[in-house]
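This is input.tsv (TSV, N, CA and C atoms).
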```
chain	number	residue	atom	x	y	z
S	12	MET	N	18.09	-0.40	29.46
S	12	MET	CA	17.77	-1.66	28.82
S	12	MET	C	16.26	-1.79	28.58
S	13	LYS	N	15.48	-1.23	29.52
S	13	LYS	CA	14.02	-1.30	29.38
S	13	LYS	C	13.56	-0.50	28.15
S	14	GLU	N	14.18	0.64	27.90
S	14	GLU	CA	13.83	1.45	26.73
S	14	GLU	C	14.17	0.72	25.43
S	15	LEU	N	15.29	0.03	25.41
S	15	LEU	CA	15.68	-0.72	24.22
S	15	LEU	C	14.65	-1.82	23.94
S	16	LYS	N	14.20	-2.50	24.99
S	16	LYS	CA	13.19	-3.54	24.81
S	16	LYS	C	11.89	-2.94	24.27
S	17	LYS	N	11.51	-1.75	24.74
S	17	LYS	CA	10.30	-1.08	24.23
S	17	LYS	C	10.45	-0.78	22.74
S	18	ARG	N	11.62	-0.29	22.34
S	18	ARG	CA	11.86	0.04	20.93
S	18	ARG	C	11.79	-1.22	20.08
S	19	ILE	N	12.40	-2.29	20.55
S	19	ILE	CA	12.38	-3.55	19.80
S	19	ILE	C	10.94	-4.05	19.69
S	20	MET	N	10.20	-3.99	20.79
S	20	MET	CA	8.80	-4.46	20.77
S	20	MET	C	7.95	-3.61	19.83
S	21	SER	N	8.25	-2.32	19.70
S	21	SER	CA	7.48	-1.50	18.77
S	21	SER	C	7.64	-2.00	17.34
S	22	PHE	N	8.83	-2.47	17.00
S	22	PHE	CA	9.05	-3.06	15.67
S	22	PHE	C	8.31	-4.39	15.54
S	23	VAL	N	8.33	-5.19	16.59
S	23	VAL	CA	7.61	-6.47	16.58
S	23	VAL	C	6.12	-6.22	16.33
S	24	TYR	N	5.55	-5.27	17.05
S	24	TYR	CA	4.13	-4.96	16.87
S	24	TYR	C	3.84	-4.43	15.47
S	25	ALA	N	4.74	-3.60	14.95
S	25	ALA	CA	4.55	-3.07	13.59
S	25	ALA	C	4.57	-4.20	12.56
S	26	PHE	N	5.50	-5.14	12.71
S	26	PHE	CA	5.54	-6.27	11.78
S	26	PHE	C	4.31	-7.16	11.93
S	27	GLN	N	3.80	-7.30	13.15
S	27	GLN	CA	2.55	-8.04	13.34
S	27	GLN	C	1.40	-7.35	12.61
S	28	GLY	N	1.39	-6.03	12.66
S	28	GLY	CA	0.37	-5.27	11.95
S	28	GLY	C	0.46	-5.47	10.45
S	29	ILE	N	1.67	-5.46	9.92
S	29	ILE	CA	1.86	-5.71	8.49
S	29	ILE	C	1.38	-7.11	8.14
S	30	GLY	N	1.70	-8.07	9.00
S	30	GLY	CA	1.27	-9.45	8.76
S	30	GLY	C	-0.25	-9.57	8.75
S	31	SER	N	-0.90	-8.93	9.71
S	31	SER	CA	-2.36	-8.94	9.77
S	31	SER	C	-2.95	-8.31	8.52
S	32	PHE	N	-2.39	-7.20	8.12
S	32	PHE	CA	-2.84	-6.48	6.92
S	32	PHE	C	-2.73	-7.37	5.69
S	33	LEU	N	-1.58	-8.01	5.51
S	33	LEU	CA	-1.36	-8.82	4.31
S	33	LEU	C	-2.16	-10.11	4.32
S	34	LYS	N	-2.42	-10.67	5.50
S	34	LYS	CA	-3.19	-11.92	5.59
S	34	LYS	C	-4.68	-11.71	5.37
S	35	LYS	N	-5.21	-10.59	5.85
S	35	LYS	CA	-6.66	-10.43	5.92
S	35	LYS	C	-7.27	-9.52	4.86
S	36	GLU	N	-6.48	-8.73	4.18
S	36	GLU	CA	-7.03	-7.73	3.27
S	36	GLU	C	-6.85	-8.12	1.81
S	37	HIS	N	-7.97	-8.42	1.16
S	37	HIS	CA	-7.93	-8.83	-0.23
S	37	HIS	C	-7.39	-7.72	-1.14
S	38	ASN	N	-7.71	-6.48	-0.82
S	38	ASN	CA	-7.19	-5.37	-1.64
S	38	ASN	C	-5.67	-5.29	-1.55
S	39	ALA	N	-5.11	-5.64	-0.41
S	39	ALA	CA	-3.65	-5.67	-0.29
S	39	ALA	C	-3.07	-6.71	-1.23
S	40	TRP	N	-3.77	-7.84	-1.38
S	40	TRP	CA	-3.30	-8.87	-2.30
S	40	TRP	C	-3.32	-8.36	-3.74
S	41	ILE	N	-4.33	-7.60	-4.07
S	41	ILE	CA	-4.41	-7.02	-5.42
S	41	ILE	C	-3.25	-6.06	-5.64
S	42	HIS	N	-2.99	-5.20	-4.66
S	42	HIS	CA	-1.87	-4.26	-4.77
S	42	HIS	C	-0.55	-5.00	-4.87
S	43	CYS	N	-0.38	-6.05	-4.08
S	43	CYS	CA	0.87	-6.82	-4.12
S	43	CYS	C	1.05	-7.53	-5.47
S	44	THR	N	-0.04	-7.98	-6.07
S	44	THR	CA	0.03	-8.58	-7.40
S	44	THR	C	0.48	-7.53	-8.42
S	45	ALA	N	-0.09	-6.33	-8.32
S	45	ALA	CA	0.32	-5.24	-9.21
S	45	ALA	C	1.79	-4.90	-8.99
S	46	ILE	N	2.22	-4.89	-7.74
S	46	ILE	CA	3.63	-4.61	-7.43
S	46	ILE	C	4.53	-5.67	-8.07
S	47	ALA	N	4.14	-6.93	-7.98
S	47	ALA	CA	4.94	-8.00	-8.58
S	47	ALA	C	5.03	-7.83	-10.10
S	48	LEU	N	3.91	-7.49	-10.73
S	48	LEU	CA	3.91	-7.31	-12.20
S	48	LEU	C	4.76	-6.11	-12.61
S	49	VAL	N	4.64	-5.01	-11.88
S	49	VAL	CA	5.42	-3.82	-12.21
S	49	VAL	C	6.91	-4.08	-11.95
S	50	THR	N	7.21	-4.81	-10.89
S	50	THR	CA	8.61	-5.16	-10.60
S	50	THR	C	9.18	-6.00	-11.73
S	51	TRP	N	8.41	-6.98	-12.19
S	51	TRP	CA	8.85	-7.78	-13.33
S	51	TRP	C	9.10	-6.87	-14.54
S	52	GLY	N	8.17	-5.96	-14.80
S	52	GLY	CA	8.33	-5.03	-15.92
S	52	GLY	C	9.56	-4.15	-15.76
S	53	GLY	N	9.83	-3.72	-14.55
S	53	GLY	CA	11.02	-2.90	-14.32
S	53	GLY	C	12.30	-3.64	-14.63
S	54	PHE	N	12.38	-4.91	-14.22
S	54	PHE	CA	13.57	-5.70	-14.54
S	54	PHE	C	13.61	-6.03	-16.04
S	55	HIS	N	12.49	-6.36	-16.60
S	55	HIS	CA	12.43	-6.70	-18.02
S	55	HIS	C	12.89	-5.54	-18.90
S	56	PHE	N	12.39	-4.35	-18.62
S	56	PHE	CA	12.74	-3.19	-19.44
S	56	PHE	C	13.98	-2.46	-18.95
S	57	GLN	N	14.56	-2.92	-17.85
S	57	GLN	CA	15.77	-2.32	-17.28
S	57	GLN	C	15.58	-0.81	-17.08
S	58	ILE	N	14.54	-0.47	-16.32
S	58	ILE	CA	14.30	0.95	-16.05
S	58	ILE	C	15.46	1.53	-15.26
S	59	THR	N	15.58	2.84	-15.30
S	59	THR	CA	16.71	3.52	-14.66
S	59	THR	C	16.55	3.52	-13.14
S	60	SER	N	17.63	3.84	-12.45
S	60	SER	CA	17.57	3.89	-10.99
S	60	SER	C	16.60	4.99	-10.52
S	61	THR	N	16.53	6.09	-11.24
S	61	THR	CA	15.57	7.15	-10.89
S	61	THR	C	14.15	6.64	-11.06
S	62	GLU	N	13.90	5.92	-12.15
S	62	GLU	CA	12.56	5.35	-12.36
S	62	GLU	C	12.23	4.33	-11.28
S	63	TRP	N	13.22	3.53	-10.87
S	63	TRP	CA	12.99	2.59	-9.77
S	63	TRP	C	12.61	3.33	-8.49
S	64	CYS	N	13.30	4.41	-8.21
S	64	CYS	CA	12.98	5.18	-7.00
S	64	CYS	C	11.53	5.68	-7.05
S	65	ILE	N	11.13	6.18	-8.18
S	65	ILE	CA	9.75	6.69	-8.32
S	65	ILE	C	8.75	5.55	-8.18
S	66	VAL	N	9.03	4.42	-8.81
S	66	VAL	CA	8.15	3.26	-8.72
S	66	VAL	C	8.06	2.77	-7.28
S	67	LEU	N	9.18	2.70	-6.59
S	67	LEU	CA	9.18	2.24	-5.20
S	67	LEU	C	8.40	3.19	-4.29
S	68	ILE	N	8.52	4.47	-4.54
S	68	ILE	CA	7.72	5.44	-3.77
S	68	ILE	C	6.23	5.19	-4.01
S	69	CYS	N	5.87	4.95	-5.25
S	69	CYS	CA	4.46	4.64	-5.56
S	69	CYS	C	4.01	3.37	-4.85
S	70	PHE	N	4.84	2.33	-4.86
S	70	PHE	CA	4.49	1.09	-4.14
S	70	PHE	C	4.20	1.41	-2.68
S	71	GLY	N	5.13	2.13	-2.05
S	71	GLY	CA	4.99	2.44	-0.63
S	71	GLY	C	3.76	3.27	-0.33
S	72	LEU	N	3.50	4.27	-1.16
S	72	LEU	CA	2.35	5.14	-0.93
S	72	LEU	C	1.03	4.40	-1.05
S	73	VAL	N	0.91	3.57	-2.07
S	73	VAL	CA	-0.34	2.84	-2.27
S	73	VAL	C	-0.55	1.83	-1.14
S	74	LEU	N	0.49	1.09	-0.78
S	74	LEU	CA	0.35	0.12	0.31
S	74	LEU	C	0.07	0.80	1.64
S	75	ALA	N	0.75	1.91	1.91
S	75	ALA	CA	0.51	2.64	3.15
S	75	ALA	C	-0.91	3.19	3.18
S	76	ALA	N	-1.37	3.73	2.06
S	76	ALA	CA	-2.75	4.24	2.00
S	76	ALA	C	-3.75	3.12	2.27
S	77	GLU	N	-3.51	1.95	1.69
S	77	GLU	CA	-4.41	0.81	1.92
S	77	GLU	C	-4.35	0.37	3.38
S	78	ALA	N	-3.18	0.40	3.97
S	78	ALA	CA	-3.06	0.02	5.39
S	78	ALA	C	-3.79	1.03	6.28
S	79	PHE	N	-3.64	2.32	6.00
S	79	PHE	CA	-4.39	3.34	6.76
S	79	PHE	C	-5.90	3.12	6.59
S	80	ASN	N	-6.32	2.85	5.36
S	80	ASN	CA	-7.73	2.61	5.09
S	80	ASN	C	-8.23	1.41	5.90
S	81	THR	N	-7.44	0.36	5.93
S	81	THR	CA	-7.81	-0.83	6.69
S	81	THR	C	-7.93	-0.51	8.17
S	82	ALA	N	-6.97	0.23	8.70
S	82	ALA	CA	-7.02	0.60	10.12
S	82	ALA	C	-8.25	1.45	10.42
S	83	ILE	N	-8.54	2.38	9.55
S	83	ILE	CA	-9.72	3.24	9.74
S	83	ILE	C	-11.00	2.41	9.68
S	84	GLU	N	-11.10	1.52	8.70
S	84	GLU	CA	-12.29	0.69	8.58
S	84	GLU	C	-12.48	-0.19	9.81
S	85	ARG	N	-11.40	-0.79	10.29
S	85	ARG	CA	-11.51	-1.66	11.47
S	85	ARG	C	-11.92	-0.86	12.70
S	86	LEU	N	-11.36	0.33	12.85
S	86	LEU	CA	-11.72	1.17	13.99
S	86	LEU	C	-13.17	1.62	13.91
S	87	VAL	N	-13.61	2.05	12.74
S	87	VAL	CA	-15.01	2.47	12.56
S	87	VAL	C	-15.95	1.30	12.85
S	88	ASN	N	-15.61	0.11	12.37
S	88	ASN	CA	-16.44	-1.06	12.64
S	88	ASN	C	-16.52	-1.38	14.13
S	89	LEU	N	-15.43	-1.11	14.85
S	89	LEU	CA	-15.40	-1.35	16.29
S	89	LEU	C	-16.30	-0.37	17.04
S	90	VAL	N	-16.17	0.91	16.71
S	90	VAL	CA	-16.90	1.94	17.48
S	90	VAL	C	-18.31	2.16	16.97
S	91	SER	N	-18.58	1.71	15.74
S	91	SER	CA	-19.93	1.90	15.18
S	91	SER	C	-20.35	0.63	14.44
S	92	PRO	N	-20.64	-0.44	15.20
S	92	PRO	CA	-20.98	-1.71	14.54
S	92	PRO	C	-22.30	-1.64	13.74
S	93	ASP	N	-23.20	-0.77	14.15
S	93	ASP	CA	-24.44	-0.57	13.40
S	93	ASP	C	-24.21	0.53	12.37
S	94	TYR	N	-25.02	0.52	11.33
S	94	TYR	CA	-24.87	1.53	10.29
S	94	TYR	C	-25.10	2.93	10.85
S	95	HIS	N	-24.21	3.81	10.47
S	95	HIS	CA	-24.36	5.24	10.78
S	95	HIS	C	-23.83	6.00	9.57
S	96	PRO	N	-24.55	7.00	9.09
S	96	PRO	CA	-24.12	7.69	7.86
S	96	PRO	C	-22.73	8.32	7.98
S	97	ILE	N	-22.40	8.85	9.14
S	97	ILE	CA	-21.07	9.46	9.30
S	97	ILE	C	-19.99	8.39	9.25
S	98	ALA	N	-20.24	7.25	9.90
S	98	ALA	CA	-19.28	6.15	9.86
S	98	ALA	C	-19.07	5.69	8.42
S	99	GLY	N	-20.16	5.58	7.67
S	99	GLY	CA	-20.05	5.20	6.27
S	99	GLY	C	-19.26	6.21	5.46
S	100	ASP	N	-19.49	7.49	5.74
S	100	ASP	CA	-18.77	8.55	5.03
S	100	ASP	C	-17.28	8.49	5.34
S	101	VAL	N	-16.93	8.25	6.60
S	101	VAL	CA	-15.52	8.14	7.00
S	101	VAL	C	-14.85	7.00	6.22
S	102	LYS	N	-15.51	5.87	6.15
S	102	LYS	CA	-14.95	4.73	5.43
S	102	LYS	C	-14.83	5.02	3.93
S	103	ASP	N	-15.82	5.72	3.37
S	103	ASP	CA	-15.78	6.06	1.94
S	103	ASP	C	-14.63	7.02	1.63
S	104	VAL	N	-14.43	8.00	2.51
S	104	VAL	CA	-13.33	8.96	2.30
S	104	VAL	C	-11.99	8.24	2.37
S	105	ALA	N	-11.83	7.34	3.34
S	105	ALA	CA	-10.58	6.59	3.47
S	105	ALA	C	-10.34	5.72	2.22
S	106	ALA	N	-11.39	5.08	1.74
S	106	ALA	CA	-11.25	4.28	0.51
S	106	ALA	C	-10.93	5.17	-0.69
S	107	GLY	N	-11.52	6.36	-0.71
S	107	GLY	CA	-11.22	7.31	-1.78
S	107	GLY	C	-9.76	7.73	-1.79
S	108	ALA	N	-9.18	7.86	-0.61
S	108	ALA	CA	-7.76	8.22	-0.53
S	108	ALA	C	-6.89	7.14	-1.18
S	109	VAL	N	-7.24	5.88	-0.96
S	109	VAL	CA	-6.50	4.79	-1.59
S	109	VAL	C	-6.66	4.87	-3.11
S	110	LEU	N	-7.87	5.12	-3.55
S	110	LEU	CA	-8.12	5.22	-4.99
S	110	LEU	C	-7.31	6.35	-5.62
S	111	ILE	N	-7.24	7.48	-4.95
S	111	ILE	CA	-6.44	8.61	-5.45
S	111	ILE	C	-4.99	8.18	-5.62
S	112	CYS	N	-4.42	7.54	-4.59
S	112	CYS	CA	-3.03	7.08	-4.67
S	112	CYS	C	-2.84	6.07	-5.80
S	113	ALA	N	-3.77	5.14	-5.94
S	113	ALA	CA	-3.66	4.11	-6.97
S	113	ALA	C	-3.76	4.71	-8.37
S	114	ILE	N	-4.66	5.68	-8.55
S	114	ILE	CA	-4.80	6.32	-9.86
S	114	ILE	C	-3.52	7.05	-10.24
S	115	PHE	N	-2.97	7.82	-9.30
S	115	PHE	CA	-1.74	8.55	-9.63
S	115	PHE	C	-0.55	7.60	-9.81
S	116	ALA	N	-0.52	6.51	-9.07
S	116	ALA	CA	0.54	5.51	-9.28
S	116	ALA	C	0.42	4.90	-10.68
S	117	ALA	N	-0.81	4.65	-11.11
S	117	ALA	CA	-1.02	4.10	-12.46
S	117	ALA	C	-0.59	5.11	-13.52
S	118	ILE	N	-0.91	6.37	-13.31
S	118	ILE	CA	-0.48	7.41	-14.26
S	118	ILE	C	1.04	7.47	-14.34
S	119	ILE	N	1.68	7.44	-13.17
S	119	ILE	CA	3.15	7.45	-13.14
S	119	ILE	C	3.69	6.21	-13.84
S	120	GLY	N	3.04	5.05	-13.61
S	120	GLY	CA	3.47	3.83	-14.29
S	120	GLY	C	3.37	3.96	-15.80
S	121	CYS	N	2.32	4.58	-16.27
S	121	CYS	CA	2.18	4.81	-17.72
S	121	CYS	C	3.28	5.72	-18.24
S	122	ILE	N	3.56	6.79	-17.50
S	122	ILE	CA	4.61	7.72	-17.92
S	122	ILE	C	5.96	7.01	-18.01
S	123	ILE	N	6.22	6.12	-17.05
S	123	ILE	CA	7.51	5.42	-17.04
S	123	ILE	C	7.55	4.31	-18.07
S	124	PHE	N	6.49	3.50	-18.16
S	124	PHE	CA	6.57	2.28	-18.96
S	124	PHE	C	6.13	2.42	-20.41
S	125	LEU	N	5.27	3.38	-20.73
S	125	LEU	CA	4.82	3.50	-22.12
S	125	LEU	C	5.95	3.70	-23.12
S	126	PRO	N	6.94	4.55	-22.82
S	126	PRO	CA	8.04	4.69	-23.80
S	126	PRO	C	8.78	3.36	-24.04
S	127	TYR	N	8.92	2.56	-23.00
S	127	TYR	CA	9.58	1.25	-23.18
S	127	TYR	C	8.70	0.33	-24.02
S	128	LEU	N	7.41	0.36	-23.80
S	128	LEU	CA	6.48	-0.47	-24.57
S	128	LEU	C	6.41	-0.03	-26.03
S	129	ILE	N	6.45	1.27	-26.26
S	129	ILE	CA	6.39	1.79	-27.63
S	129	ILE	C	7.64	1.41	-28.40
S	130	ASP	N	8.79	1.38	-27.71
S	130	ASP	CA	10.06	1.05	-28.37
S	130	ASP	C	10.19	-0.43	-28.71
S	131	CYS	N	9.31	-1.27	-28.16
S	131	CYS	CA	9.40	-2.73	-28.42
S	131	CYS	C	9.11	-3.07	-29.85
```
Have the structure of the file written as structure tokens, please.
Amino acid sequence: MKELKKRIMSFVYAFQGIGSFLKKEHNAWIHCTAIALVTWGGFHFQITSTEWCIVLICFGLVLAAEAFNTAIERLVNLVSPDYHPIAGDVKDVAAGAVLICAIFAAIIGCIIFLPYLIDC
């Protein structure tokens, strides 16, 4: 029973982390706005189930990358509150990873949605 409680609590903590991420991170709000717009577009253009799967994977990857970036930034700020070039580089690399995911998600979005837009 103790192990079951630990497993349940791990989910509680994970949801608390998601809540903290969504409440405090402005970039997460931007990503969620993009997700809402793309979701509307998906329903509007009635994209295929395969296209939905690809879009959902992109949503998850970009949000997860932003969450990892947030965790890295918070940890770096904790252990290196004063400026340090390596700490800055770590934060820049983490932010770059989010940008890479967002760029490729946008490219995938263009590949999926442009044919629907052209047919309008």
Q. With only C-alpha atoms as the basis for distance, which of S:Trp51, S:Glu77, S:Ser60, S:Leu72 is at the shortest distance from S:Ile29?
A.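 Result for the nearest residue to S:Ile29: S:Glu77.
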In Å and to one decimal, atom N of S:Ile41 is distant from atom CA of S:Leu74 by 10.0 Å
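Separating atom CA of S:Glu84 from atom CA of S:Gly99 is a distance of 9.3 Å.
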Please list as a PyMOL selection string every residue within 10 Å of S:Tyr127, counting only C-alpha atoms and excluding residues in the same chain fewer than 6 positions away. chain S and resi 52-53+55-58+121
Store the residues picked out above in a file with N, CA and C atoms, as a CSV table (one decimal), keeping the file's coordinate frame.
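The new file result_0.csv reads:
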```
chain,number,residue,atom,x,y,z
S,52,GLY,N,8.2,-6.0,-14.8
S,52,GLY,CA,8.3,-5.0,-15.9
S,52,GLY,C,9.6,-4.2,-15.8
S,53,GLY,N,9.8,-3.7,-14.6
S,53,GLY,CA,11.0,-2.9,-14.3
S,53,GLY,C,12.3,-3.6,-14.6
S,55,HIS,N,12.5,-6.4,-16.6
S,55,HIS,CA,12.4,-6.7,-18.0
S,55,HIS,C,12.9,-5.5,-18.9
S,56,PHE,N,12.4,-4.4,-18.6
S,56,PHE,CA,12.7,-3.2,-19.4
S,56,PHE,C,14.0,-2.5,-19.0
S,57,GLN,N,14.6,-2.9,-17.8
S,57,GLN,CA,15.8,-2.3,-17.3
S,57,GLN,C,15.6,-0.8,-17.1
S,58,ILE,N,14.5,-0.5,-16.3
S,58,ILE,CA,14.3,1.0,-16.0
S,58,ILE,C,15.5,1.5,-15.3
S,121,CYS,N,2.3,4.6,-16.3
S,121,CYS,CA,2.2,4.8,-17.7
S,121,CYS,C,3.3,5.7,-18.2
```
query = Hey, can you check how far atom CA of S:Asp100 sits from atom CA of S:Ala76?
reply =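 Atom CA of S:Asp100 sits 16.9 Å away from atom CA of S:Ala76.
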Between S:Val66, S:Ala47, S:Ala108, S:Val87, which residue has the minimum interatomic distance to S:Ile122, considering only C-alpha atoms?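 Distance minimum relative to S:Ile122 lands on S:Val66.
Residue nearest S:Ala75 within the list S:Asn88, S:Val104, S:Ala98, S:Val109: S:Val109 [criterion: smallest interatomic distance, all atoms listed in the file].
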Complete the atoms of stretch 16-39 of chain S to N, CA, C and O atoms and put them out as a PDB file, keeping the file's coordinate frame.
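Output file rebuild03.pdb is given in full below:
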```pdb
ATOM      1  N   LYS S  16      14.200  -2.500  24.990  1.00  0.00           N
ATOM      2  CA  LYS S  16      13.190  -3.540  24.810  1.00  0.00           C
ATOM      3  C   LYS S  16      11.890  -2.940  24.270  1.00  0.00           C
ATOM      4  O   LYS S  16      11.256  -3.531  23.389  1.00  0.00           O
ATOM      5  N   LYS S  17      11.510  -1.750  24.740  1.00  0.00           N
ATOM      6  CA  LYS S  17      10.300  -1.080  24.230  1.00  0.00           C
ATOM      7  C   LYS S  17      10.450  -0.780  22.740  1.00  0.00           C
ATOM      8  O   LYS S  17       9.505  -0.933  21.968  1.00  0.00           O
ATOM      9  N   ARG S  18      11.620  -0.290  22.340  1.00  0.00           N
ATOM     10  CA  ARG S  18      11.860   0.040  20.930  1.00  0.00           C
ATOM     11  C   ARG S  18      11.790  -1.220  20.080  1.00  0.00           C
ATOM     12  O   ARG S  18      11.192  -1.221  19.005  1.00  0.00           O
ATOM     13  N   ILE S  19      12.400  -2.290  20.550  1.00  0.00           N
ATOM     14  CA  ILE S  19      12.380  -3.550  19.800  1.00  0.00           C
ATOM     15  C   ILE S  19      10.940  -4.050  19.690  1.00  0.00           C
ATOM     16  O   ILE S  19      10.506  -4.470  18.614  1.00  0.00           O
ATOM     17  N   MET S  20      10.200  -3.990  20.790  1.00  0.00           N
ATOM     18  CA  MET S  20       8.800  -4.460  20.770  1.00  0.00           C
ATOM     19  C   MET S  20       7.950  -3.610  19.830  1.00  0.00           C
ATOM     20  O   MET S  20       7.024  -4.128  19.214  1.00  0.00           O
ATOM     21  N   SER S  21       8.250  -2.320  19.700  1.00  0.00           N
ATOM     22  CA  SER S  21       7.480  -1.500  18.770  1.00  0.00           C
ATOM     23  C   SER S  21       7.640  -2.000  17.340  1.00  0.00           C
ATOM     24  O   SER S  21       6.677  -1.980  16.560  1.00  0.00           O
ATOM     25  N   PHE S  22       8.830  -2.470  17.000  1.00  0.00           N
ATOM     26  CA  PHE S  22       9.050  -3.060  15.670  1.00  0.00           C
ATOM     27  C   PHE S  22       8.310  -4.390  15.540  1.00  0.00           C
ATOM     28  O   PHE S  22       7.720  -4.674  14.494  1.00  0.00           O
ATOM     29  N   VAL S  23       8.330  -5.190  16.590  1.00  0.00           N
ATOM     30  CA  VAL S  23       7.610  -6.470  16.580  1.00  0.00           C
ATOM     31  C   VAL S  23       6.120  -6.220  16.330  1.00  0.00           C
ATOM     32  O   VAL S  23       5.508  -6.882  15.485  1.00  0.00           O
ATOM     33  N   TYR S  24       5.550  -5.270  17.050  1.00  0.00           N
ATOM     34  CA  TYR S  24       4.130  -4.960  16.870  1.00  0.00           C
ATOM     35  C   TYR S  24       3.840  -4.430  15.470  1.00  0.00           C
ATOM     36  O   TYR S  24       2.820  -4.768  14.862  1.00  0.00           O
ATOM     37  N   ALA S  25       4.740  -3.600  14.950  1.00  0.00           N
ATOM     38  CA  ALA S  25       4.550  -3.070  13.590  1.00  0.00           C
ATOM     39  C   ALA S  25       4.570  -4.200  12.560  1.00  0.00           C
ATOM     40  O   ALA S  25       3.735  -4.229  11.648  1.00  0.00           O
ATOM     41  N   PHE S  26       5.500  -5.140  12.710  1.00  0.00           N
ATOM     42  CA  PHE S  26       5.540  -6.270  11.780  1.00  0.00           C
ATOM     43  C   PHE S  26       4.310  -7.160  11.930  1.00  0.00           C
ATOM     44  O   PHE S  26       3.814  -7.711  10.941  1.00  0.00           O
ATOM     45  N   GLN S  27       3.800  -7.300  13.150  1.00  0.00           N
ATOM     46  CA  GLN S  27       2.550  -8.040  13.340  1.00  0.00           C
ATOM     47  C   GLN S  27       1.400  -7.350  12.610  1.00  0.00           C
ATOM     48  O   GLN S  27       0.548  -8.012  12.014  1.00  0.00           O
ATOM     49  N   GLY S  28       1.390  -6.030  12.660  1.00  0.00           N
ATOM     50  CA  GLY S  28       0.370  -5.270  11.950  1.00  0.00           C
ATOM     51  C   GLY S  28       0.460  -5.470  10.450  1.00  0.00           C
ATOM     52  O   GLY S  28      -0.565  -5.652   9.770  1.00  0.00           O
ATOM     53  N   ILE S  29       1.670  -5.460   9.920  1.00  0.00           N
ATOM     54  CA  ILE S  29       1.860  -5.710   8.490  1.00  0.00           C
ATOM     55  C   ILE S  29       1.380  -7.110   8.140  1.00  0.00           C
ATOM     56  O   ILE S  29       0.703  -7.325   7.132  1.00  0.00           O
ATOM     57  N   GLY S  30       1.700  -8.070   9.000  1.00  0.00           N
ATOM     58  CA  GLY S  30       1.270  -9.450   8.760  1.00  0.00           C
ATOM     59  C   GLY S  30      -0.250  -9.570   8.750  1.00  0.00           C
ATOM     60  O   GLY S  30      -0.830 -10.213   7.874  1.00  0.00           O
ATOM     61  N   SER S  31      -0.900  -8.930   9.710  1.00  0.00           N
ATOM     62  CA  SER S  31      -2.360  -8.940   9.770  1.00  0.00           C
ATOM     63  C   SER S  31      -2.950  -8.310   8.520  1.00  0.00           C
ATOM     64  O   SER S  31      -3.902  -8.837   7.919  1.00  0.00           O
ATOM     65  N   PHE S  32      -2.390  -7.200   8.120  1.00  0.00           N
ATOM     66  CA  PHE S  32      -2.840  -6.480   6.920  1.00  0.00           C
ATOM     67  C   PHE S  32      -2.730  -7.370   5.690  1.00  0.00           C
ATOM     68  O   PHE S  32      -3.677  -7.520   4.918  1.00  0.00           O
ATOM     69  N   LEU S  33      -1.580  -8.010   5.510  1.00  0.00           N
ATOM     70  CA  LEU S  33      -1.360  -8.820   4.310  1.00  0.00           C
ATOM     71  C   LEU S  33      -2.160 -10.110   4.320  1.00  0.00           C
ATOM     72  O   LEU S  33      -2.562 -10.608   3.268  1.00  0.00           O
ATOM     73  N   LYS S  34      -2.420 -10.670   5.500  1.00  0.00           N
ATOM     74  CA  LYS S  34      -3.190 -11.920   5.590  1.00  0.00           C
ATOM     75  C   LYS S  34      -4.680 -11.710   5.370  1.00  0.00           C
ATOM     76  O   LYS S  34      -5.337 -12.553   4.779  1.00  0.00           O
ATOM     77  N   LYS S  35      -5.210 -10.590   5.850  1.00  0.00           N
ATOM     78  CA  LYS S  35      -6.660 -10.430   5.920  1.00  0.00           C
ATOM     79  C   LYS S  35      -7.270  -9.520   4.860  1.00  0.00           C
ATOM     80  O   LYS S  35      -8.486  -9.538   4.661  1.00  0.00           O
ATOM     81  N   GLU S  36      -6.480  -8.730   4.180  1.00  0.00           N
ATOM     82  CA  GLU S  36      -7.030  -7.730   3.270  1.00  0.00           C
ATOM     83  C   GLU S  36      -6.850  -8.120   1.810  1.00  0.00           C
ATOM     84  O   GLU S  36      -5.747  -8.133   1.285  1.00  0.00           O
ATOM     85  N   HIS S  37      -7.970  -8.420   1.160  1.00  0.00           N
ATOM     86  CA  HIS S  37      -7.930  -8.830  -0.230  1.00  0.00           C
ATOM     87  C   HIS S  37      -7.390  -7.720  -1.140  1.00  0.00           C
ATOM     88  O   HIS S  37      -6.691  -8.000  -2.112  1.00  0.00           O
ATOM     89  N   ASN S  38      -7.710  -6.480  -0.820  1.00  0.00           N
ATOM     90  CA  ASN S  38      -7.190  -5.370  -1.640  1.00  0.00           C
ATOM     91  C   ASN S  38      -5.670  -5.290  -1.550  1.00  0.00           C
ATOM     92  O   ASN S  38      -5.012  -4.920  -2.523  1.00  0.00           O
ATOM     93  N   ALA S  39      -5.110  -5.640  -0.410  1.00  0.00           N
ATOM     94  CA  ALA S  39      -3.650  -5.670  -0.290  1.00  0.00           C
ATOM     95  C   ALA S  39      -3.070  -6.710  -1.230  1.00  0.00           C
ATOM     96  O   ALA S  39      -2.010  -6.499  -1.826  1.00  0.00           O
TER      97      ALA S  39
END
```
